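**Q** For reference, this is entry_24.csv, and it has CSV, C-alpha atoms.
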chain,number,residue,atom,x,y,z
Z,1,MET,CA,12.6,17.1,4.1
Z,2,PHE,CA,13.9,14.1,6.1
Z,3,GLU,CA,17.4,15.6,6.3
Z,4,ASN,CA,15.9,18.6,8.1
Z,5,ILE,CA,13.7,16.6,10.5
Z,6,LEU,CA,15.8,13.5,11.6
Z,7,PRO,CA,18.8,15.5,12.9
Z,8,LEU,CA,16.4,17.2,15.4
Z,9,TYR,CA,16.1,13.8,17.0
Z,10,GLY,CA,19.8,13.1,16.9
Z,11,LEU,CA,19.4,10.8,13.9
Z,12,SER,CA,21.8,11.2,11.0
Z,13,SER,CA,19.8,11.3,7.8
Z,14,ASP,CA,22.7,9.6,5.8
Z,15,LYS,CA,22.8,6.7,8.3
Z,16,THR,CA,19.1,5.9,8.2
Z,17,THR,CA,16.7,4.4,5.8
Z,18,VAL,CA,13.1,5.8,5.4
Z,19,LYS,CA,10.3,3.9,3.8
Z,20,LEU,CA,6.6,4.5,3.5
Z,21,PHE,CA,4.8,2.4,6.1
Z,22,GLY,CA,1.2,1.1,6.7
Z,23,ASP,CA,-2.1,1.8,5.0
Z,24,GLY,CA,-3.3,4.8,7.0
Z,25,LEU,CA,-5.5,7.1,5.1
Z,26,ILE,CA,-5.2,10.3,7.2
Z,27,ASN,CA,-1.6,10.8,8.2
Z,28,HIS,CA,1.5,10.1,6.1
Z,29,THR,CA,3.6,7.5,7.9
Z,30,TRP,CA,7.2,6.2,7.3
Z,31,LYS,CA,9.4,3.6,9.0
Z,32,VAL,CA,12.8,5.0,10.0
Z,33,SER,CA,15.5,2.5,10.5
Z,34,THR,CA,19.0,2.9,12.0
Z,35,ASP,CA,21.6,0.3,12.8
Z,36,THR,CA,20.3,0.0,16.3
Z,37,GLN,CA,16.7,1.0,16.4
Z,38,ASN,CA,13.5,1.5,14.3
Z,39,TYR,CA,11.0,4.4,14.6
Z,40,ILE,CA,7.7,5.5,13.0
Z,41,LEU,CA,7.7,9.0,11.6
Z,42,GLN,CA,4.3,10.6,11.0
Z,43,LYS,CA,3.2,13.8,9.3
Z,44,VAL,CA,-0.1,14.9,11.0
Z,45,ASN,CA,-2.9,15.8,8.6
Z,46,ASN,CA,-3.9,19.2,9.7
Z,47,ASP,CA,-6.7,19.4,7.2
Z,48,VAL,CA,-8.4,16.8,9.4
Z,49,PHE,CA,-6.9,17.7,12.7
Z,50,LYS,CA,-7.1,21.5,12.6
Z,51,THR,CA,-4.9,22.0,15.8
Z,52,PRO,CA,-2.3,19.2,16.0
Z,53,THR,CA,-1.0,20.8,19.3
Z,54,ASP,CA,-4.3,19.7,20.9
Z,55,ILE,CA,-3.5,16.0,20.1
Z,56,ASP,CA,0.0,16.5,21.4
Z,57,GLU,CA,-1.3,18.0,24.7
Z,58,ASN,CA,-3.7,15.1,25.1
Z,59,ILE,CA,-1.1,12.4,24.6
Z,60,SER,CA,1.2,14.2,27.0
Z,61,LEU,CA,-1.4,14.5,29.7
Z,62,ILE,CA,-2.3,10.8,29.4
Z,63,LYS,CA,1.3,9.8,29.3
Z,64,GLU,CA,2.0,11.7,32.5
Z,65,TYR,CA,-1.0,10.0,34.2
Z,66,LEU,CA,-0.1,6.5,33.1
Z,67,ASN,CA,3.6,6.9,34.1
Z,68,ILE,CA,2.4,7.4,37.6
Z,69,LYS,CA,-0.6,5.1,37.8
Z,70,TYR,CA,0.2,2.3,35.3
Z,71,PRO,CA,3.9,2.5,34.5
Z,72,ASN,CA,4.0,-1.0,33.0
Z,73,TYR,CA,1.2,-0.2,30.4
Z,74,LEU,CA,2.6,-0.1,26.9
Z,75,PHE,CA,1.7,3.4,25.8
Z,76,VAL,CA,3.2,4.3,22.5
Z,77,SER,CA,3.9,8.0,22.7
Z,78,PRO,CA,6.1,10.4,20.7
Z,79,VAL,CA,9.9,10.6,21.2
Z,80,ASN,CA,11.1,14.0,22.2
Z,81,THR,CA,13.5,15.9,20.0
Z,82,LEU,CA,16.9,16.9,21.4
Z,83,SER,CA,15.3,20.2,22.5
Z,84,GLY,CA,12.4,18.4,24.3
Z,85,GLU,CA,9.6,18.8,21.7
Z,86,SER,CA,7.2,15.9,21.2
Z,87,LEU,CA,5.6,17.6,18.1
Z,88,LEU,CA,7.5,19.4,15.5
Z,89,ASP,CA,6.0,22.4,13.7
Z,90,THR,CA,8.0,22.8,10.6
Z,91,ASP,CA,7.8,24.6,7.2
Z,92,PHE,CA,6.8,21.1,5.8
Z,93,GLY,CA,4.0,20.5,8.3
Z,94,TYR,CA,3.6,18.9,11.8
Z,95,TYR,CA,5.7,15.8,12.5
Z,96,ARG,CA,6.3,13.4,15.4
Z,97,LEU,CA,8.5,10.3,15.9
Z,98,PHE,CA,7.4,7.2,17.7
Z,99,PRO,CA,9.4,4.2,18.8
Z,100,PHE,CA,8.7,1.2,16.7
Z,101,VAL,CA,7.3,-1.7,18.8
Z,102,GLU,CA,9.6,-4.5,17.9
Z,103,GLY,CA,7.9,-7.9,17.4
Z,104,SER,CA,4.5,-6.3,16.9
Z,105,THR,CA,2.1,-6.6,14.0
Z,106,SER,CA,-1.2,-5.0,13.0
Z,107,HIS,CA,-4.0,-6.4,10.9
Z,108,ASN,CA,-6.0,-4.7,8.2
Z,109,SER,CA,-8.9,-7.2,8.5
Z,110,LEU,CA,-10.2,-9.7,10.9
Z,111,THR,CA,-9.7,-13.4,10.1
Z,112,ASN,CA,-11.1,-15.0,13.3
Z,113,LYS,CA,-13.1,-14.1,16.4
Z,114,SER,CA,-10.0,-14.4,18.7
Z,115,GLU,CA,-8.6,-11.3,17.0
Z,116,ALA,CA,-11.9,-9.5,17.7
Z,117,TYR,CA,-11.7,-10.6,21.3
Z,118,GLU,CA,-8.1,-9.4,21.7
Z,119,ALA,CA,-8.8,-6.0,20.1
Z,120,ALA,CA,-11.9,-5.4,22.2
Z,121,LYS,CA,-10.0,-6.3,25.3
Z,122,GLN,CA,-7.3,-3.8,24.4
Z,123,PHE,CA,-9.8,-1.0,23.8
Z,124,GLY,CA,-11.6,-1.9,27.0
Z,125,LYS,CA,-8.3,-1.9,28.9
Z,126,PHE,CA,-7.4,1.5,27.6
Z,127,SER,CA,-10.6,3.0,28.9
Z,128,LYS,CA,-10.4,1.1,32.1
Z,129,ILE,CA,-7.0,2.3,33.2
Z,130,LEU,CA,-8.1,5.9,32.4
Z,131,ALA,CA,-11.5,5.5,34.2
Z,132,GLU,CA,-10.3,7.8,37.0
Z,133,PHE,CA,-8.7,10.3,34.7
Z,134,ASP,CA,-10.8,13.5,34.2
Z,135,ALA,CA,-11.7,13.2,30.6
Z,136,GLU,CA,-12.8,16.8,30.4
Z,137,GLN,CA,-9.1,17.8,30.8
Z,138,LEU,CA,-8.6,16.6,27.2
Z,139,ASN,CA,-8.9,18.7,24.1
Z,140,ILE,CA,-11.6,17.9,21.5
Z,141,THR,CA,-9.4,17.0,18.5
Z,142,ILE,CA,-12.4,16.7,16.0
Z,143,PRO,CA,-15.4,18.7,17.2
Z,144,ASN,CA,-18.7,16.8,17.1
Z,145,PHE,CA,-17.0,13.7,15.7
Z,146,HIS,CA,-19.7,11.3,16.9
Z,147,ASN,CA,-22.5,13.8,17.6
Z,148,LEU,CA,-25.4,11.9,16.0
Z,149,LYS,CA,-27.9,14.8,16.6
Z,150,LEU,CA,-25.7,17.1,14.5
Z,151,ARG,CA,-25.1,14.5,11.8
Z,152,PHE,CA,-28.8,14.0,11.4
Z,153,GLU,CA,-29.4,17.8,11.2
Z,154,GLN,CA,-26.7,17.9,8.5
Z,155,PHE,CA,-28.5,15.1,6.7
Z,156,VAL,CA,-31.8,17.0,6.8
Z,157,GLU,CA,-30.1,20.1,5.4
Z,158,ALA,CA,-28.4,18.0,2.7
Z,159,CYS,CA,-31.9,16.7,1.6
Z,160,LYS,CA,-33.2,20.3,1.4
Z,161,ASN,CA,-30.4,21.4,-0.9
Z,162,ALA,CA,-29.7,18.3,-3.0
Z,163,SER,CA,-30.4,18.2,-6.7
Z,164,ALA,CA,-33.6,16.5,-7.9
Z,165,ASP,CA,-31.7,13.8,-9.6
Z,166,ARG,CA,-29.7,12.8,-6.5
Z,167,LEU,CA,-32.8,13.0,-4.3
Z,168,GLU,CA,-34.6,10.6,-6.7
Z,169,LEU,CA,-31.7,8.1,-6.8
Z,170,ALA,CA,-31.3,8.2,-3.0
Z,171,LYS,CA,-35.1,8.1,-2.3
Z,172,GLU,CA,-35.2,4.6,-0.7
Z,173,SER,CA,-32.1,5.3,1.5
Z,174,ILE,CA,-33.5,8.7,2.6
Z,175,GLU,CA,-36.8,7.0,3.6
Z,176,PHE,CA,-34.9,4.3,5.6
Z,177,ILE,CA,-32.9,7.0,7.5
Z,178,ASN,CA,-36.0,8.9,8.4
Z,179,GLU,CA,-37.9,5.8,9.4
Z,180,ASN,CA,-35.2,4.9,11.9
Z,181,LYS,CA,-34.9,8.4,13.5
Z,182,SER,CA,-35.6,6.7,16.9
Z,183,ILE,CA,-31.8,5.9,16.9
Z,184,VAL,CA,-31.2,9.6,17.0
Z,185,ASP,CA,-33.9,10.1,19.6
Z,186,THR,CA,-32.2,7.5,21.9
Z,187,TYR,CA,-28.8,9.3,21.5
Z,188,CYS,CA,-30.4,12.6,22.4
Z,189,LYS,CA,-32.0,11.0,25.5
Z,190,ILE,CA,-28.6,9.6,26.6
Z,191,VAL,CA,-26.8,12.9,26.2
Z,192,GLU,CA,-29.5,15.3,27.4
Z,193,ASN,CA,-30.4,13.3,30.5
Z,194,LYS,CA,-26.7,12.5,31.2
Z,195,GLU,CA,-27.6,8.9,31.4
Z,196,ILE,CA,-24.0,7.7,30.8
Z,197,PRO,CA,-20.8,9.5,31.7
Z,198,LEU,CA,-18.1,11.0,29.6
Z,199,ARG,CA,-15.0,8.8,29.5
Z,200,VAL,CA,-11.6,8.8,27.8
Z,201,ILE,CA,-12.6,7.2,24.5
Z,202,HIS,CA,-10.4,6.2,21.6
Z,203,HIS,CA,-13.1,6.9,18.9
Z,204,ASP,CA,-11.4,4.9,16.1
Z,205,THR,CA,-11.4,1.3,17.1
Z,206,LYS,CA,-10.7,-0.3,13.7
Z,207,ILE,CA,-8.7,-3.5,13.9
Z,208,ASN,CA,-5.5,-1.8,12.5
Z,209,ASN,CA,-5.3,0.4,15.5
Z,210,VAL,CA,-4.4,-2.5,17.7
Z,211,LEU,CA,-0.9,-4.0,17.9
Z,212,PHE,CA,-0.5,-7.8,18.3
Z,213,ASP,CA,2.5,-9.9,19.4
Z,214,GLU,CA,3.9,-12.9,17.6
Z,215,LYS,CA,1.3,-15.2,19.2
Z,216,ASN,CA,-1.5,-12.9,18.0
Z,217,ASN,CA,-2.2,-11.6,21.5
Z,218,GLY,CA,-3.2,-8.0,21.8
Z,219,LEU,CA,-0.4,-5.6,23.0
Z,220,CYS,CA,-1.9,-2.1,23.1
Z,221,VAL,CA,-3.9,0.4,21.1
Z,222,ILE,CA,-2.3,3.0,18.8
Z,223,ASP,CA,-3.3,6.0,16.7
Z,224,LEU,CA,-4.3,8.2,19.5
Z,225,ASP,CA,-5.3,11.3,17.5
Z,226,THR,CA,-9.0,10.9,18.2
Z,227,VAL,CA,-8.6,10.1,21.9
Z,228,MET,CA,-10.9,12.7,23.7
Z,229,PRO,CA,-13.9,12.8,25.9
Z,230,GLY,CA,-16.8,10.6,24.7
Z,231,TYR,CA,-19.2,7.9,25.4
Z,232,PHE,CA,-18.4,4.2,25.5
Z,233,ILE,CA,-20.9,3.5,22.8
Z,234,SER,CA,-18.5,5.2,20.3
Z,235,ASP,CA,-15.8,2.6,20.8
Z,236,VAL,CA,-18.1,-0.4,21.1
Z,237,GLY,CA,-20.2,0.7,18.2
Z,238,ASP,CA,-17.2,1.3,15.9
Z,239,MET,CA,-15.9,-2.2,16.7
Z,240,MET,CA,-19.4,-3.6,15.8
Z,241,ARG,CA,-19.5,-1.7,12.6
Z,242,THR,CA,-16.1,-2.8,11.4
Z,243,TYR,CA,-15.7,-6.2,13.0
Z,244,LEU,CA,-19.2,-7.8,12.5
Z,245,ALA,CA,-19.5,-7.3,8.8
Z,246,VAL,CA,-18.4,-10.1,6.5
Z,247,ALA,CA,-18.0,-7.6,3.6
Z,248,SER,CA,-16.3,-4.2,3.6
Z,249,GLU,CA,-18.1,-0.9,3.4
Z,250,GLU,CA,-17.1,-0.8,-0.3
Z,251,GLU,CA,-19.1,-3.9,-1.2
Z,252,THR,CA,-21.8,-3.1,-3.7
Z,253,ASP,CA,-23.4,-6.6,-3.8
Z,254,LEU,CA,-25.7,-6.2,-0.9
Z,255,SER,CA,-26.4,-10.0,-0.8
Z,256,LYS,CA,-23.0,-10.3,0.7
Z,257,ILE,CA,-23.8,-8.1,3.7
Z,258,SER,CA,-24.2,-10.2,6.9
Z,259,ILE,CA,-23.4,-10.1,10.6
Z,260,ARG,CA,-20.9,-12.5,12.2
Z,261,LYS,CA,-22.8,-13.3,15.5
Z,262,GLU,CA,-19.8,-15.0,17.0
Z,263,PHE,CA,-17.8,-11.8,16.5
Z,264,PHE,CA,-20.4,-9.9,18.5
Z,265,GLN,CA,-19.8,-12.4,21.4
Z,266,ALA,CA,-16.1,-11.9,21.0
Z,267,ILE,CA,-16.4,-8.1,21.2
Z,268,TYR,CA,-18.6,-8.4,24.3
Z,269,ASP,CA,-16.4,-10.9,26.0
Z,270,GLY,CA,-13.1,-8.9,25.4
Z,271,TYR,CA,-14.5,-5.5,26.2
Z,272,MET,CA,-16.4,-6.6,29.3
Z,273,GLU,CA,-13.5,-8.6,30.6
Z,274,GLU,CA,-11.9,-5.2,31.2
Z,275,MET,CA,-14.9,-2.9,31.6
Z,276,LYS,CA,-17.5,-4.9,33.5
Z,277,ASP,CA,-16.7,-3.3,36.8
Z,278,VAL,CA,-16.3,0.2,35.3
Z,279,LEU,CA,-19.5,0.6,33.2
Z,280,SER,CA,-22.6,1.5,35.1
Z,281,GLU,CA,-25.7,-0.7,34.9
Z,282,THR,CA,-27.3,2.0,32.7
Z,283,GLU,CA,-24.3,1.9,30.3
Z,284,LYS,CA,-24.5,-1.9,30.0
Z,285,GLN,CA,-28.1,-1.5,28.8
Z,286,TYR,CA,-26.9,0.4,25.8
Z,287,PHE,CA,-24.3,-2.1,24.7
Z,288,THR,CA,-26.3,-3.5,21.8
Z,289,TYR,CA,-27.6,0.0,20.9
Z,290,ALA,CA,-23.9,1.0,20.3
Z,291,GLY,CA,-23.9,-1.0,17.1
Z,292,LYS,CA,-27.0,0.7,15.7
Z,293,PHE,CA,-25.7,4.1,16.8
Z,294,ILE,CA,-22.4,4.0,14.8
Z,295,ILE,CA,-23.7,2.0,11.7
Z,296,TYR,CA,-26.7,4.4,11.4
Z,297,MET,CA,-24.4,7.5,11.8
Z,298,GLN,CA,-22.0,6.2,9.1
Z,299,ALA,CA,-24.9,5.6,6.7
Z,300,ILE,CA,-26.1,9.2,7.3
Z,301,ARG,CA,-22.6,10.6,6.7
Z,302,PHE,CA,-22.2,8.7,3.4
Z,303,LEU,CA,-25.7,9.6,2.3
Z,304,ALA,CA,-25.4,13.3,3.2
Z,305,ASP,CA,-22.1,13.5,1.4
Z,306,TYR,CA,-23.7,12.0,-1.7
Z,307,LEU,CA,-26.5,14.5,-1.6
Z,308,GLN,CA,-23.9,17.3,-1.2
Z,309,ASN,CA,-22.1,16.2,-4.3
Z,310,ASP,CA,-19.3,14.2,-2.5
Z,311,THR,CA,-17.6,17.2,-1.0
Z,312,TYR,CA,-16.3,15.5,2.1
Z,313,TYR,CA,-15.3,11.9,1.3
Z,314,GLY,CA,-14.9,12.4,-2.4
Z,315,ALA,CA,-15.9,9.7,-4.9
Z,316,LYS,CA,-14.0,7.3,-7.0
Z,317,TYR,CA,-16.9,6.7,-9.3
Z,318,GLU,CA,-20.4,8.1,-9.8
Z,319,GLY,CA,-22.7,7.1,-7.0
Z,320,HIS,CA,-19.8,5.9,-4.8
Z,321,ASN,CA,-21.1,7.5,-1.5
Z,322,LEU,CA,-24.7,6.4,-2.3
Z,323,ASN,CA,-23.4,2.8,-2.6
Z,324,ARG,CA,-21.5,3.1,0.6
Z,325,ALA,CA,-24.7,4.4,2.3
Z,326,LYS,CA,-26.7,1.5,0.9
Z,327,ASN,CA,-24.0,-0.8,2.2
Z,328,GLN,CA,-24.3,0.5,5.7
Z,329,ILE,CA,-28.1,0.5,5.6
Z,330,ALA,CA,-28.0,-3.1,4.6
Z,331,LEU,CA,-25.6,-3.8,7.5
Z,332,LEU,CA,-28.0,-2.0,9.9
Z,333,LYS,CA,-30.9,-4.0,8.6
Z,334,GLU,CA,-29.0,-7.2,9.3
Z,335,TYR,CA,-28.0,-6.0,12.7
Z,336,LYS,CA,-31.6,-5.1,13.6
Z,337,LYS,CA,-32.8,-8.5,12.5
Z,338,MET,CA,-30.4,-10.1,14.9
Z,339,GLU,CA,-30.7,-7.5,17.7
Z,340,GLY,CA,-32.9,-9.6,20.0
Z,341,GLU,CA,-30.6,-12.5,19.7
Z,342,LEU,CA,-27.5,-10.3,20.3
Write the structure described by the file as structure tokens, please.

**A**
Amino acid sequence: MFENILPLYGLSSDKTTVKLFGDGLINHTWKVSTDTQNYILQKVNNDVFKTPTDIDENISLIKEYLNIKYPNYLFVSPVNTLSGESLLDTDFGYYRLFPFVEGSTSHNSLTNKSEAYEAAKQFGKFSKILAEFDAEQLNITIPNFHNLKLRFEQFVEACKNASADRLELAKESIEFINENKSIVDTYCKIVENKEIPLRVIHHDTKINNVLFDEKNNGLCVIDLDTVMPGYFISDVGDMMRTYLAVASEEETDLSKISIRKEFFQAIYDGYMEEMKDVLSETEKQYFTYAGKFIIYMQAIRFLADYLQNDTYYGAKYEGHNLNRAKNQIALLKEYKKMEGEL
């Protein structure tokens, strides 16, 4: 396979080394090394991203804009083939090649609040420099990705169709989701009343989607497949869900679930350093809500999948997605307890 792809970029397959790279769960990724340069080769998962050309068009549009408006911004975009293609449609799937950012590192988990600050600053900077870009030019790469109204409707449908056994085991979690439907109502109010504008949003602000330099300063954001029109609460909320929690979403000992308050401050400081003059006063009022929005939505998604016999996420053991849902519900409870202070 590599011997068919690499020559299209002018790379000799017998003069390069190719090794699996990173811990990404969606796309397959390899590091390609030559005597003079390193690259990242990715196979796009077109089970998740149904139309990879939409991603490629989005990246091309943003690249063109940034080349004119912010030519010094480090935007990691695909290398063109010898024939000028930035995305390869092959018999083996869709592929693209990126330059490897030398001297950069990424983290799979946060070890201190300065990393949270640097990451939030980079995601804020990304949206800031694209604040005047017409977000509606972009393709929707995953339809309804953060549509909480739809996710709740899917949850209600899952409850109707679930087996009696699973409904009984999930009873407490289902009750909690229904008791907190006001989070959905707030989302509907935001969207239907057009209270906050559509922006260019990353939508996947995990810490491993930020590159850091040798001094652990943020360099740029990567993994742009979910970049599309959205609301700032998606990026801020995803940072809160994944940065604030001491334990991972796989933790089953709920006594270990807690909120790192100082990390909330770091997210706020880093993001607002870039976005304070971009966000409207109305948007700023929903900053803390963003955390509830994403944590609640992820709890719904895990719970609905459990009720639907684990058809989306799959399960590594019996009750896996129910445990994940309980984990996110515990996180949301802790977040709500601290909400006034935050």

**Q** Might you pull out every residue within 8 Å of Lys19 (chain Z), with all atoms listed in the file counted and same-chain residues fewer than 2 positions away left off, and present them as a list of chain:residue names?

**A**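 The contact residues come out as Z:Thr17, Z:Phe21, Z:Trp30, Z:Lys31, Z:Val32.
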
**Q** What does the distance from CA of Ile129 (chain Z) to CA of His203 (chain Z) come to in Å, to one decimal?

**A**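 Atom-to-atom, CA of Ile129 (chain Z) and CA of His203 (chain Z) are spaced 16.2 Å apart.
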
**Q** Could you tell me which of Z:Met297, Z:Ile207, Z:Ile5, Z:Leu331 comes closest to Phe152 (chain Z) if we count only C-alpha atoms?

**A**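 Using only C-alpha atoms, Phe152 (chain Z) sits closest to Z:Met297.
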
**Q** Taking 4 positions as the minimum chain separation for residues in the same chain, which residues sit within 8 Å of Leu138 (chain Z) when counting only C-alpha atoms? Answer as a ChimeraX atom specification.

**A** /Z:57-58,61,134,228-229

**Q** Would you mind listing, for every residue of region 198-234 of chain Z within 12 Å of region 71-83 of chain Z, the two atoms forming the shortest contact and the distance between them in Å to one decimal, using all atoms listed in the file, sorted by chain and ascending residue number, as a tab-separated table?

**A**
residue	atom	partner	partner_atom	distance
Z:Asn209	CA	Z:Val76	CA	11.7
Z:Val210	CA	Z:Val76	CA	11.3
Z:Leu211	CA	Z:Val76	CA	10.3
Z:Phe212	CA	Z:Leu74	CA	12.0
Z:Gly218	CA	Z:Leu74	CA	11.0
Z:Leu219	CA	Z:Leu74	CA	7.4
Z:Cys220	CA	Z:Leu74	CA	6.2
Z:Val221	CA	Z:Phe75	CA	7.9
Z:Ile222	CA	Z:Val76	CA	6.8
Z:Asp223	CA	Z:Val76	CA	8.9
Z:Leu224	CA	Z:Ser77	CA	8.8
Z:Asp225	CA	Z:Ser77	CA	11.1

**Q** Please compute the CA of Gly270 (chain Z)-CA of Ala120 (chain Z) distance, one decimal, in Å.

**A**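 Taking CA of Gly270 (chain Z) and CA of Ala120 (chain Z), their separation equals 4.9 Å.
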
**Q** Using CA of Glu168 (chain Z) and CA of Ala299 (chain Z) as the two end points, give the distance in Å to one decimal.

**A** 17.3 Å

**Q** Find, counting all atoms listed in the file, the residue in Z:Cys159, Z:Ala304, Z:Leu88, Z:Val200 that gets nearest to Leu322 (chain Z).

**A** Z:Ala304

**Q** Choose the residue, out of Z:Asn45, Z:Ser248, Z:Thr282, Z:Thr242, that has the smallest atom-to-atom separation from Ile295 (chain Z); count only C-alpha atoms.

**A** Z:Thr242

**Q** Quick one: residues within 9 Å of Gly124 (chain Z), all atoms listed in the file, excluding same-chain residues fewer than 2 positions away - as a list in words?

**A**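 Answer for this query is Ala119, Ala120, Lys121, Gln122, Phe126, Ser127, Lys128, Ile129, Asp235, Val236, Gly270, Tyr271, Met272, Glu273, Glu274 and Met275 of chain Z.
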
**Q** What's around Ile259 (chain Z) at 10 Å? Count only C-alpha atoms, leave out sequence neighbours fewer than 3 positions away in its own chain, and write the answer as a list in words.

**A**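 So the residues in contact are Met240, Arg241, Tyr243, Leu244, Ala245, Val246, Ala247, Lys256, Glu262, Phe263, Phe264, Leu331, Leu332, Lys333, Glu334, Tyr335, Lys337 and Met338 of chain Z.
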
**Q** Could you name the residues that touch Asp14 (chain Z) at 10 Å or less, counting all atoms listed in the file, but leaving out those on the same chain fewer than 6 positions away, as a PyMOL selection string?

**A** chain Z and resi 2-3+6+34

**Q** Tell me which of Z:Tyr296, Z:Tyr70, Z:Phe100, Z:Phe232 sits closest to Val278 (chain Z), counting all atoms listed in the file.

**A**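 Result for the nearest residue to Val278 (chain Z): Z:Phe232.
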